[in-house]
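*Asks:* Below is the file protein_15.txt, with compact mmCIF, C-alpha atoms.
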```txt
# COMPACT_ATOMS: atom_id res chain seq x y z
CA MET C 22 158.39 123.16 168.26
CA LYS C 23 159.40 122.21 164.75
CA GLY C 24 157.88 119.06 163.22
CA VAL C 25 159.94 116.27 161.77
CA GLU C 26 160.19 116.33 157.99
CA VAL C 27 159.92 112.95 156.32
CA ASP C 28 160.82 112.37 152.70
CA PRO C 29 157.66 111.74 150.62
CA MET C 30 159.26 108.52 149.30
CA ASN C 31 159.45 107.15 152.85
CA THR C 32 155.92 108.26 153.70
CA THR C 33 154.52 106.60 150.59
CA PHE C 34 156.44 103.40 151.31
CA ALA C 35 155.30 103.31 154.96
CA LYS C 36 151.63 104.04 154.22
CA THR C 37 151.50 101.40 151.50
CA MET C 38 153.17 98.86 153.81
CA GLU C 39 150.71 99.66 156.60
CA ILE C 40 147.57 99.37 154.48
CA LEU C 41 148.59 96.17 152.70
CA THR C 42 149.81 94.58 155.93
CA TYR C 43 146.41 95.08 157.56
CA ILE C 44 144.63 93.74 154.47
CA GLY C 45 146.97 90.73 154.26
CA LEU C 46 146.55 89.89 157.94
CA VAL C 47 142.76 89.96 157.72
CA VAL C 48 142.71 87.90 154.52
CA MET C 49 145.08 85.39 156.12
CA ILE C 50 143.63 85.19 159.62
CA VAL C 51 139.87 85.06 158.95
CA PRO C 52 139.91 82.04 156.60
CA GLY C 53 142.66 80.49 158.75
CA ILE C 54 140.49 80.63 161.85
CA ILE C 55 137.52 79.22 159.95
CA TYR C 56 139.76 76.38 158.72
CA ILE C 57 141.05 75.60 162.21
CA VAL C 58 137.57 75.73 163.77
CA THR C 59 135.77 73.70 161.11
CA GLY C 60 138.65 71.47 159.99
CA ILE C 61 137.30 71.71 156.47
CA GLY C 62 140.14 72.39 154.09
CA TYR C 63 142.18 71.10 151.21
CA VAL C 64 144.42 69.42 153.78
CA ASN C 65 142.61 68.25 156.90
CA THR C 66 144.07 69.47 160.18
CA ALA C 67 145.03 65.99 161.42
CA ASP C 68 147.12 65.35 158.28
CA ALA C 69 148.71 68.80 158.56
CA VAL C 70 149.73 68.21 162.17
CA GLU C 71 150.97 64.68 161.48
CA ASN C 72 153.17 65.83 158.58
CA TRP C 73 154.18 69.25 159.94
CA GLY C 74 157.91 68.54 160.19
CA LYS C 75 158.32 67.29 156.62
CA SER C 76 159.75 69.26 153.73
CA ALA C 77 157.21 70.79 151.35
CA SER C 78 157.63 68.06 148.74
CA GLU C 79 157.33 65.29 151.37
CA PHE C 80 154.31 67.02 152.94
CA TRP C 81 152.38 67.15 149.66
CA LYS C 82 153.28 63.56 148.77
CA ALA C 83 152.07 62.37 152.20
CA THR C 84 148.90 64.44 152.42
CA LYS C 85 147.69 64.59 148.80
CA GLY C 86 149.94 62.28 146.81
CA ILE C 87 151.00 65.12 144.52
CA GLU C 88 154.13 66.96 143.49
CA VAL C 89 153.73 70.70 143.79
CA HIS C 90 155.03 72.97 141.03
CA GLY C 91 154.35 76.68 140.78
CA TYR C 92 151.25 78.16 142.34
CA SER C 93 148.42 76.16 140.77
CA TRP C 94 148.08 73.80 143.76
CA PHE C 95 146.41 76.51 145.84
CA LEU C 96 144.98 78.72 143.08
CA ASN C 97 142.90 75.76 141.86
CA ASN C 98 141.57 75.18 145.39
CA LEU C 99 140.49 78.63 146.60
CA THR C 100 137.13 77.20 147.68
CA TYR C 101 138.95 75.70 150.68
CA PHE C 102 139.70 77.99 153.62
CA ASP C 103 143.30 76.82 154.06
CA CYS C 104 144.08 77.70 150.44
CA LEU C 105 142.12 80.95 150.67
CA SER C 106 144.18 82.04 153.68
CA ILE C 107 147.29 81.72 151.51
CA ILE C 108 146.03 84.74 149.53
CA GLY C 109 146.66 86.76 152.71
CA ILE C 110 150.20 85.39 152.84
CA VAL C 111 150.64 86.34 149.18
CA ILE C 112 149.48 89.89 149.97
CA LEU C 113 151.96 90.09 152.85
CA ALA C 114 154.74 88.69 150.65
CA ILE C 115 154.20 91.24 147.87
CA THR C 116 153.62 94.17 150.22
CA PRO C 117 157.27 95.32 150.11
CA LEU C 118 157.25 95.05 146.30
CA VAL C 119 154.08 97.12 145.94
CA SER C 120 155.42 99.62 148.49
CA MET C 121 158.67 100.03 146.56
CA ILE C 122 156.80 100.49 143.29
CA ALA C 123 154.58 103.12 144.93
CA SER C 124 157.57 104.94 146.42
CA ILE C 125 159.49 105.05 143.12
CA THR C 126 157.18 107.84 141.97
CA LYS C 127 158.26 109.98 144.94
CA ALA C 128 161.97 109.01 144.96
CA ASP C 129 164.98 111.06 143.86
CA SER C 130 166.67 109.71 140.74
CA LYS C 131 169.50 108.05 142.70
CA TYR C 132 166.97 106.07 144.74
CA LYS C 133 164.84 105.24 141.70
CA VAL C 134 167.69 103.16 140.27
CA ILE C 135 168.18 101.23 143.51
CA LEU C 136 164.44 100.68 143.94
CA LEU C 137 164.11 99.53 140.34
CA ILE C 138 166.89 96.95 140.80
CA VAL C 139 165.25 95.59 143.96
CA VAL C 140 161.83 95.52 142.24
CA ILE C 141 163.31 93.46 139.39
CA GLU C 142 164.87 91.04 141.91
CA PHE C 143 161.50 90.65 143.64
CA ILE C 144 159.72 89.96 140.38
CA VAL C 145 162.31 87.33 139.38
CA ALA C 146 161.83 85.63 142.77
CA ILE C 147 158.06 85.62 142.29
CA VAL C 148 158.05 84.15 138.78
CA ARG C 149 160.95 81.73 139.34
CA PRO C 150 158.70 78.87 140.56
CA LEU C 151 156.65 79.16 137.38
CA PHE C 152 159.68 78.40 135.18
CA MET C 153 161.91 76.25 137.36
CA HIS C 154 161.34 73.09 139.39
CA VAL C 155 161.34 74.58 142.89
CA THR C 156 160.25 72.48 145.86
CA GLY C 157 161.14 72.14 149.50
CA HIS C 158 164.02 69.64 149.12
```
Take the structure I supplied and represent it as structure tokens, if you would.

*Replies:*
Amino acid sequence: MKGVEVDPMNTTFAKTMEILTYIGLVVMIVPGIIYIVTGIGYVNTADAVENWGKSASEFWKATKGIEVHGYSWFLNNLTYFDCLSIIGIVILAITPLVSMIASITKADSKYKVILLIVVIEFIVAIVRPLFMHVTGH
């Protein structure tokens, strides 16, 4: 029986996605469980539950009295488990980007152009909150 041949670009993309997904899940779930069990976090669990249905800007005003801009609000608070678990979410969010970058090296030239365009779009979406006022209004 003949085996299925898979393009190296697809294999690289899939393997990168798999590895980073597992890493992201562990980095998200372990601190998240510790936060839920202990209740010790940047935002206490009672405040989070009470304000769950609010937009992001309303949530931060109600729970911390702050306006959130960019990423500093959690990067400055990585000693708290709820903020630390966000690193896992960040890993999951950038997993497709890293996978596309990894697969570019194995792609045919016609796919390299498409992948490069999508990579640029991803990067713009990532840095946009650093340069523009973006909140959950």

*Asks:* Considering only C-alpha atoms, can you say which of C:Ile107, C:Ala114, C:Phe143, C:Thr84 comes closest to Asn72 of chain C?

*Replies:*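 Once distances to Asn72 of chain C are computed over only C-alpha atoms, the minimum belongs to C:Thr84.
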
*Asks:* Which residue is closest to Met121 of chain C? Choose from C:Met30, C:Cys104, C:Val47, C:Leu96 and count only C-alpha atoms.

*Replies:*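 Among the listed residues, the smallest separation from Met121 of chain C belongs to C:Met30.
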
*Asks:* So, counting all atoms listed in the file, which residue among C:Ile141, C:Met153, C:Ile135, C:Leu113 is closest to Met49 of chain C?

*Replies:*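 Smallest separation from Met49 of chain C among the options: C:Leu113.
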
*Asks:* Which residues, protein or nucleic acid, reach to within 12 Å of (150.8, 92.7, 157.0) in the file's coordinates when using all atoms listed in the file, and can you give that as a PyMOL selection string?

*Replies:* chain C and resi 35-50+108-117+120

*Asks:* Keeping C-alpha atoms for every residue in the selection just given, could you write it to a file as a JSON list (two decimals), keeping the file's coordinate frame?

*Replies:*
```
[["chain", "number", "residue", "atom", "x", "y", "z"],
["C", 35, "ALA", "CA", 155.30, 103.31, 154.96],
["C", 36, "LYS", "CA", 151.63, 104.04, 154.22],
["C", 37, "THR", "CA", 151.50, 101.40, 151.50],
["C", 38, "MET", "CA", 153.17, 98.86, 153.81],
["C", 39, "GLU", "CA", 150.71, 99.66, 156.60],
["C", 40, "ILE", "CA", 147.57, 99.37, 154.48],
["C", 41, "LEU", "CA", 148.59, 96.17, 152.70],
["C", 42, "THR", "CA", 149.81, 94.58, 155.93],
["C", 43, "TYR", "CA", 146.41, 95.08, 157.56],
["C", 44, "ILE", "CA", 144.63, 93.74, 154.47],
["C", 45, "GLY", "CA", 146.97, 90.73, 154.26],
["C", 46, "LEU", "CA", 146.55, 89.89, 157.94],
["C", 47, "VAL", "CA", 142.76, 89.96, 157.72],
["C", 48, "VAL", "CA", 142.71, 87.90, 154.52],
["C", 49, "MET", "CA", 145.08, 85.39, 156.12],
["C", 50, "ILE", "CA", 143.63, 85.19, 159.62],
["C", 108, "ILE", "CA", 146.03, 84.74, 149.53],
["C", 109, "GLY", "CA", 146.66, 86.76, 152.71],
["C", 110, "ILE", "CA", 150.20, 85.39, 152.84],
["C", 111, "VAL", "CA", 150.64, 86.34, 149.18],
["C", 112, "ILE", "CA", 149.48, 89.89, 149.97],
["C", 113, "LEU", "CA", 151.96, 90.09, 152.85],
["C", 114, "ALA", "CA", 154.74, 88.69, 150.65],
["C", 115, "ILE", "CA", 154.20, 91.24, 147.87],
["C", 116, "THR", "CA", 153.62, 94.17, 150.22],
["C", 117, "PRO", "CA", 157.27, 95.32, 150.11],
["C", 120, "SER", "CA", 155.42, 99.62, 148.49]]
```

*Asks:* With a distance cut-off of 8 Å and only C-alpha atoms, select the neighbouring residues of Leu151 of chain C, excluding the residue or stretch itself and same-chain residues fewer than 3 positions from it, and output the selection as an NGL selection string.

*Replies:* :C and (90-92 or 148 or 154)

*Asks:* C:Ser78, C:Ser93, C:Thr33, C:Thr66: which is nearest Thr126 of chain C, counting all atoms listed in the file?

*Replies:*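 Smallest separation from Thr126 of chain C among the options: C:Thr33.
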
*Asks:* One decimal, in Å: what's the spacing between atom CA of Leu105 of chain C and atom CA of Gly62 of chain C?

*Replies:*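 Going from atom CA of Leu105 of chain C over to atom CA of Gly62 of chain C covers 9.4 Å.
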
*Asks:* With distances taken over all atoms listed in the file, which of C:Phe34, C:Tyr63, C:Leu118, C:Val145 is nearest to Asn98 of chain C?

*Replies:*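 Counting all atoms listed in the file, the residue closest to Asn98 of chain C is C:Tyr63.
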
*Asks:* Which one of C:Val25, C:Ala67, C:Asn31, C:Lys85 sits closest to Ile122 of chain C if you count all atoms listed in the file?

*Replies:*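 Among the listed residues, the smallest separation from Ile122 of chain C belongs to C:Asn31.
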
*Asks:* Can you work out the spacing between atom CA of Ile57 of chain C and atom CA of Tyr101 of chain C in Å, to one decimal?

*Replies:* 11.7 Å

*Asks:* Kindly provide, as JSON, the centre and edge lengths (Å, one decimal) of an axis-aligned box around all atoms of segment 93-103 of chain C given in the file, with 6 Å on each side.

*Replies:*
```
{"center_x": 142.8, "center_y": 76.3, "center_z": 147.4, "size_x": 23.3, "size_y": 16.9, "size_z": 25.3}
```

*Asks:* Calculate how many Å separate atom CA of Asp68 of chain C from atom CA of Ile147 of chain C, rounding to one decimal.

*Replies:*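 Result for atom CA of Asp68 of chain C versus atom CA of Ile147 of chain C: 28.0 Å, one decimal.
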
*Asks:* Kindly add N, CA and C atoms to the incomplete segment 62-84 of chain C and provide the output as a short mmCIF file (atom, residue, chain, number, x, y, z; two decimals), in the frame of the given file.

*Replies:*
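Dumped everything to part.cif:
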```cif
data_model
loop_
_atom_site.label_atom_id
_atom_site.label_comp_id
_atom_site.auth_asym_id
_atom_site.auth_seq_id
_atom_site.Cartn_x
_atom_site.Cartn_y
_atom_site.Cartn_z
N GLY C 62 139.13 71.75 154.92
CA GLY C 62 140.14 72.39 154.09
C GLY C 62 140.67 71.44 153.05
N TYR C 63 141.53 71.94 152.23
CA TYR C 63 142.18 71.10 151.21
C TYR C 63 143.01 70.02 151.88
N VAL C 64 143.69 70.39 152.96
CA VAL C 64 144.42 69.42 153.78
C VAL C 64 143.73 69.41 155.14
N ASN C 65 143.28 68.25 155.59
CA ASN C 65 142.61 68.25 156.90
C ASN C 65 143.64 68.49 158.00
N THR C 66 143.17 69.04 159.11
CA THR C 66 144.07 69.47 160.18
C THR C 66 144.87 68.31 160.76
N ALA C 67 144.30 67.13 160.87
CA ALA C 67 145.03 65.99 161.42
C ALA C 67 146.22 65.63 160.53
N ASP C 68 146.02 65.63 159.20
CA ASP C 68 147.12 65.35 158.28
C ASP C 68 148.18 66.44 158.34
N ALA C 69 147.75 67.68 158.48
CA ALA C 69 148.71 68.80 158.56
C ALA C 69 149.58 68.66 159.79
N VAL C 70 148.97 68.36 160.92
CA VAL C 70 149.73 68.21 162.17
C VAL C 70 150.66 67.01 162.09
N GLU C 71 150.18 65.90 161.57
CA GLU C 71 150.97 64.68 161.48
C GLU C 71 152.20 64.84 160.58
N ASN C 72 152.09 65.67 159.56
CA ASN C 72 153.17 65.83 158.58
C ASN C 72 153.87 67.18 158.67
N TRP C 73 153.68 67.88 159.76
CA TRP C 73 154.18 69.25 159.94
C TRP C 73 155.69 69.37 159.75
N GLY C 74 156.46 68.44 160.22
CA GLY C 74 157.91 68.54 160.19
C GLY C 74 158.55 68.15 158.87
N LYS C 75 157.77 67.74 157.90
CA LYS C 75 158.32 67.29 156.62
C LYS C 75 158.62 68.47 155.70
N SER C 76 159.50 68.24 154.74
CA SER C 76 159.75 69.26 153.73
C SER C 76 158.48 69.44 152.91
N ALA C 77 158.41 70.51 152.14
CA ALA C 77 157.21 70.79 151.35
C ALA C 77 156.89 69.65 150.39
N SER C 78 157.91 69.13 149.70
CA SER C 78 157.63 68.06 148.74
C SER C 78 157.16 66.79 149.45
N GLU C 79 157.76 66.47 150.60
CA GLU C 79 157.33 65.29 151.37
C GLU C 79 155.93 65.50 151.93
N PHE C 80 155.63 66.70 152.39
CA PHE C 80 154.31 67.02 152.94
C PHE C 80 153.22 66.77 151.90
N TRP C 81 153.41 67.30 150.68
CA TRP C 81 152.38 67.15 149.66
C TRP C 81 152.26 65.71 149.18
N LYS C 82 153.34 64.99 149.14
CA LYS C 82 153.28 63.56 148.77
C LYS C 82 152.47 62.80 149.82
N ALA C 83 152.73 63.09 151.11
CA ALA C 83 152.07 62.37 152.20
C ALA C 83 150.61 62.74 152.35
N THR C 84 150.27 64.01 152.16
CA THR C 84 148.90 64.44 152.42
C THR C 84 147.98 64.36 151.21
#
```
